[in-house]
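All remarks here apply to the structure that follows.
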Amino acid sequence: MASVLGTSSPAILGSRRFSSSITKPSFASLPLTTGQGCGKKYYGGIGIQGKKGRSQFHVAVTNVAAGVSSVEEKLAAKESQRPVYPFAAIVGQDEMKLCLLLNVIDPKIGGVMIMGDRGTGKSTTVRSLVDLLPEIKVVFGDPYNSDPEDPESMGVEVRECVVKGEKLQVVLTKINMVDLPLGATEDRVCGTIDIEKALTEGVKAFEPGLLAKANRGILYVDEVNLLDDHLVDVLLDSAASGWNTVEREGISISHPARFILIGSGNPEEGELRPQLLDRFGMHAQVGTVKDAELRVKIVEERGRFDKNPKEFRDSYKAEQEKLQQQIASARTSLSSVQIDHDLKVKISRVCAELNVDGLRGDIVTNRAAKALAALKGRDNVTAEDVATVIPNCLRHRLRKDPLESIDSGLLVIEKFYEVFS
């Protein structure tokens with residue numbers, strides 16, 4: 001795993017925040033089908049039929065495939081973005097990096113909750129994941145990044161096009177990473193009525209929010225334990241159903257909202273609601289580096305990046321490309337990875353003897369173990385794979401004992417060796 005995760009000591013100093021909350025996508029034309037974008041007349045988005053007796057209204061959104069057409073324009077756009085610290089340059093924090101990589105390989109794992117001290121590189125590591133995200137097929141012009149091959153990930157308009165037998169124009173785009181600010185309003189997250197379009201064009205227009213942009217991508221919440229309760233409720237609803245439903249001014253609209261939920265925070269600043277904590281597939285803990293030599297190395301690396309970001313990123317280009325290839329290969333081979341029935345039984349025994357509520361722990365552990373095997377280039381899950389991921393999958397699902405001083409991850413490991421021995 002050294003080639004995948006880098007060195008093995010824990011930390012990189014914190015980062016500066018991005019000025020923009022959403023990574024700009026780049027597109028490459030995919031000559032699968034040709035034809036016009038599906039659907040009715042566009043007003044910057046897709047047309048939806050209203051309730052009986054009401055006029056048709058349009059969903060007004062920014063075209064996700066607009067702006068970048070040529071290779072030169074894409075390169076120029078990439079260069080103009082604020083430089084991101086390379087994922088391969090993160091020193092240590094193997095547990096956190098592994099959890100993030102496994103979720104990129106299999107988004108159905110359910111996301112990562114990262115808790116740790118201030119200044120330990122939580123936000124830096126998450127945002128550095130942007131460079132490694134693979135490309136996915138999306139329907140051209142669709143605001144929800146609809147999957148042309150999966151009806152469950154299609155917006156209503158795209159699904160109507162498929163039913164009618166219309167051709168879909170398909171493009172390739174990188175997976176989105178969307179930042180959810182702590183001060184965001186519910187309308188900005190869920191979507192709202194576009195008053196400007198209503199006044200200027202006389203149509204009821206819906207402006208999709210951050211959940212629409214995050215569909216089939218990553219939704220990142222920094223300091224998630226400080227998030228307002230009403231936004232936590234919105235996230236819980238979307239995470240549970242995979243759809244976001246908005247009721248505004250007599251308009252009812254639903255759209256797919258399946259995303260990898262990544263949260264980070266400092267446990268000293270407040271606890272996370274148990275309902276939301278259970279929605280995270282994995283839980284990673286990070287700590288401050290104690291070794292003086294490693295701290296010096298981290299400071300020097302950060303100094304090099306601040307002085308000349310382009311040169312620093314270029315020095316890690318080969319390692320970044322190797323990681324990208326490993327992730328792409330693992331995503332391709334994931335469906336062929338097998339896990340023995342005996343291992344499944346032992347995983348469930350561990351969950352049962354630890355009194356883990358529900359079955360999410362069992363499901364996530366199986367998925368994470370298979371993703372790890374795919375990352376290592378194998379088609380069979382071993383007990384070692386299970387031992388690596390099971391503390392992160394079950395740690396946050398154990399019932400809290402206020403008198404217990406031992407780390408919950410150690411309890412999981414002890415029970416694992418007791419069952420698997």
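Chain labels A, B, ... are given in the sequence in which chains occur in the structure tokens; within each chain residues are numbered consecutively from 1, and ligands are likewise numbered from 1 in the order shown.
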
Secondary structure check, alpha helix (DSSP H) residues of region 120-344 of chain A, as a PyMOL selection string: chain A and resi 122-128+156-164+186-190+195-201+210-213+229-241+274-277+292-307+309-315+317-333+341-344

Show me, as a Markdown table, the residues of region 200-290 of chain A having an atom within 12 Å of region 358-380 of chain A, each with the closest atom pair and its distance in Å, using only C-alpha atoms.
```
| residue | atom | partner | partner_atom | distance |
| --- | --- | --- | --- | --- |
| A:Leu277 | CA | A:Arg360 | CA | 11.9 |
| A:Asp278 | CA | A:Arg360 | CA | 8.3 |
| A:Arg279 | CA | A:Arg360 | CA | 8.8 |
| A:Phe280 | CA | A:Val364 | CA | 9.7 |
| A:Gly281 | CA | A:Val364 | CA | 6.1 |
| A:Met282 | CA | A:Val364 | CA | 7.8 |
| A:His283 | CA | A:Val364 | CA | 11.3 |
```

Include all heavy atoms and write out the residues we just selected as a PDB file, in the first residue's frame.
```pdb
ATOM      1  N   LEU A 277     -24.510  11.061  11.777  1.00  0.00           N
ATOM      2  CA  LEU A 277     -23.276  10.283  11.929  1.00  0.00           C
ATOM      3  C   LEU A 277     -23.443   8.885  11.336  1.00  0.00           C
ATOM      4  O   LEU A 277     -22.541   8.353  10.678  1.00  0.00           O
ATOM      5  CB  LEU A 277     -22.901  10.188  13.406  1.00  0.00           C
ATOM      6  CG  LEU A 277     -21.566   9.515  13.737  1.00  0.00           C
ATOM      7  CD1 LEU A 277     -20.408  10.265  13.108  1.00  0.00           C
ATOM      8  CD2 LEU A 277     -21.380   9.420  15.246  1.00  0.00           C
ATOM      9  N   ASP A 278     -24.619   8.303  11.516  1.00  0.00           N
ATOM     10  CA  ASP A 278     -24.865   6.952  11.010  1.00  0.00           C
ATOM     11  C   ASP A 278     -24.941   6.921   9.490  1.00  0.00           C
ATOM     12  O   ASP A 278     -24.785   5.866   8.874  1.00  0.00           O
ATOM     13  CB  ASP A 278     -26.165   6.404  11.610  1.00  0.00           C
ATOM     14  CG  ASP A 278     -26.380   4.938  11.275  1.00  0.00           C
ATOM     15  OD1 ASP A 278     -25.499   4.130  11.621  1.00  0.00           O
ATOM     16  OD2 ASP A 278     -27.413   4.610  10.659  1.00  0.00           O
ATOM     17  N   ARG A 279     -25.181   8.073   8.860  1.00  0.00           N
ATOM     18  CA  ARG A 279     -25.278   8.138   7.404  1.00  0.00           C
ATOM     19  C   ARG A 279     -23.904   8.102   6.733  1.00  0.00           C
ATOM     20  O   ARG A 279     -23.817   7.863   5.528  1.00  0.00           O
ATOM     21  CB  ARG A 279     -26.014   9.402   6.970  1.00  0.00           C
ATOM     22  CG  ARG A 279     -27.490   9.375   7.279  1.00  0.00           C
ATOM     23  CD  ARG A 279     -28.214   8.349   6.448  1.00  0.00           C
ATOM     24  NE  ARG A 279     -29.611   8.191   6.874  1.00  0.00           N
ATOM     25  CZ  ARG A 279     -30.434   7.306   6.363  1.00  0.00           C
ATOM     26  NH1 ARG A 279     -30.007   6.461   5.438  1.00  0.00           N
ATOM     27  NH2 ARG A 279     -31.670   7.224   6.795  1.00  0.00           N
ATOM     28  N   PHE A 280     -22.859   8.388   7.483  1.00  0.00           N
ATOM     29  CA  PHE A 280     -21.511   8.294   6.923  1.00  0.00           C
ATOM     30  C   PHE A 280     -21.090   6.833   6.904  1.00  0.00           C
ATOM     31  O   PHE A 280     -21.149   6.139   7.917  1.00  0.00           O
ATOM     32  CB  PHE A 280     -20.518   9.109   7.755  1.00  0.00           C
ATOM     33  CG  PHE A 280     -20.667  10.597   7.605  1.00  0.00           C
ATOM     34  CD1 PHE A 280     -21.379  11.332   8.530  1.00  0.00           C
ATOM     35  CD2 PHE A 280     -20.079  11.260   6.531  1.00  0.00           C
ATOM     36  CE1 PHE A 280     -21.524  12.699   8.396  1.00  0.00           C
ATOM     37  CE2 PHE A 280     -20.218  12.624   6.397  1.00  0.00           C
ATOM     38  CZ  PHE A 280     -20.939  13.356   7.324  1.00  0.00           C
ATOM     39  N   GLY A 281     -20.643   6.373   5.742  1.00  0.00           N
ATOM     40  CA  GLY A 281     -20.243   4.979   5.631  1.00  0.00           C
ATOM     41  C   GLY A 281     -19.024   4.651   6.463  1.00  0.00           C
ATOM     42  O   GLY A 281     -18.958   3.606   7.116  1.00  0.00           O
ATOM     43  N   MET A 282     -18.023   5.554   6.465  1.00  0.00           N
ATOM     44  CA  MET A 282     -16.772   5.302   7.174  1.00  0.00           C
ATOM     45  C   MET A 282     -16.423   6.490   8.070  1.00  0.00           C
ATOM     46  O   MET A 282     -16.896   7.613   7.854  1.00  0.00           O
ATOM     47  CB  MET A 282     -15.635   5.035   6.170  1.00  0.00           C
ATOM     48  CG  MET A 282     -15.923   3.895   5.198  1.00  0.00           C
ATOM     49  SD  MET A 282     -14.563   3.550   4.053  1.00  0.00           S
ATOM     50  CE  MET A 282     -13.448   2.625   5.123  1.00  0.00           C
ATOM     51  N   HIS A 283     -15.587   6.210   9.060  1.00  0.00           N
ATOM     52  CA  HIS A 283     -15.170   7.240  10.021  1.00  0.00           C
ATOM     53  C   HIS A 283     -13.656   7.153  10.185  1.00  0.00           C
ATOM     54  O   HIS A 283     -13.121   6.099  10.527  1.00  0.00           O
ATOM     55  CB  HIS A 283     -15.873   7.000  11.364  1.00  0.00           C
ATOM     56  CG  HIS A 283     -15.604   8.068  12.384  1.00  0.00           C
ATOM     57  ND1 HIS A 283     -14.392   8.194  13.033  1.00  0.00           N
ATOM     58  CD2 HIS A 283     -16.397   9.059  12.869  1.00  0.00           C
ATOM     59  CE1 HIS A 283     -14.454   9.207  13.872  1.00  0.00           C
ATOM     60  NE2 HIS A 283     -15.663   9.752  13.799  1.00  0.00           N
TER      61      HIS A 283
END
```

Nearest to Ser146 (chain A) among A:Ala205, A:Leu172, A:Val419, A:Leu226, with distances taken over only C-alpha atoms: which residue is it?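 Counting only C-alpha atoms, the residue closest to Ser146 (chain A) is A:Leu172.
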
For Trp243 (chain A), please output as a ChimeraX atom specification all residues within 9 Å (counting only C-alpha atoms; exclusion window: fewer than 2 positions along the same chain). /A:237-241,245,254-258

Restricting it to C-alpha atoms, dump the selection as a compact mmCIF listing (two decimals), in the first residue's frame.
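Done, and the output landed in selection.txt:
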```txt
# COMPACT_ATOMS: atom_id res chain seq x y z
CA ASP A 237 -33.60 13.28 3.78
CA SER A 238 -31.50 13.30 0.60
CA ALA A 239 -29.00 10.76 1.92
CA ALA A 240 -31.81 8.39 2.86
CA SER A 241 -33.76 8.52 -0.42
CA THR A 245 -37.92 17.05 -3.39
CA SER A 254 -37.90 16.03 -7.52
CA HIS A 255 -34.44 15.35 -8.84
CA PRO A 256 -31.75 12.73 -8.11
CA ALA A 257 -29.33 13.66 -5.34
CA ARG A 258 -26.98 10.70 -4.93
```
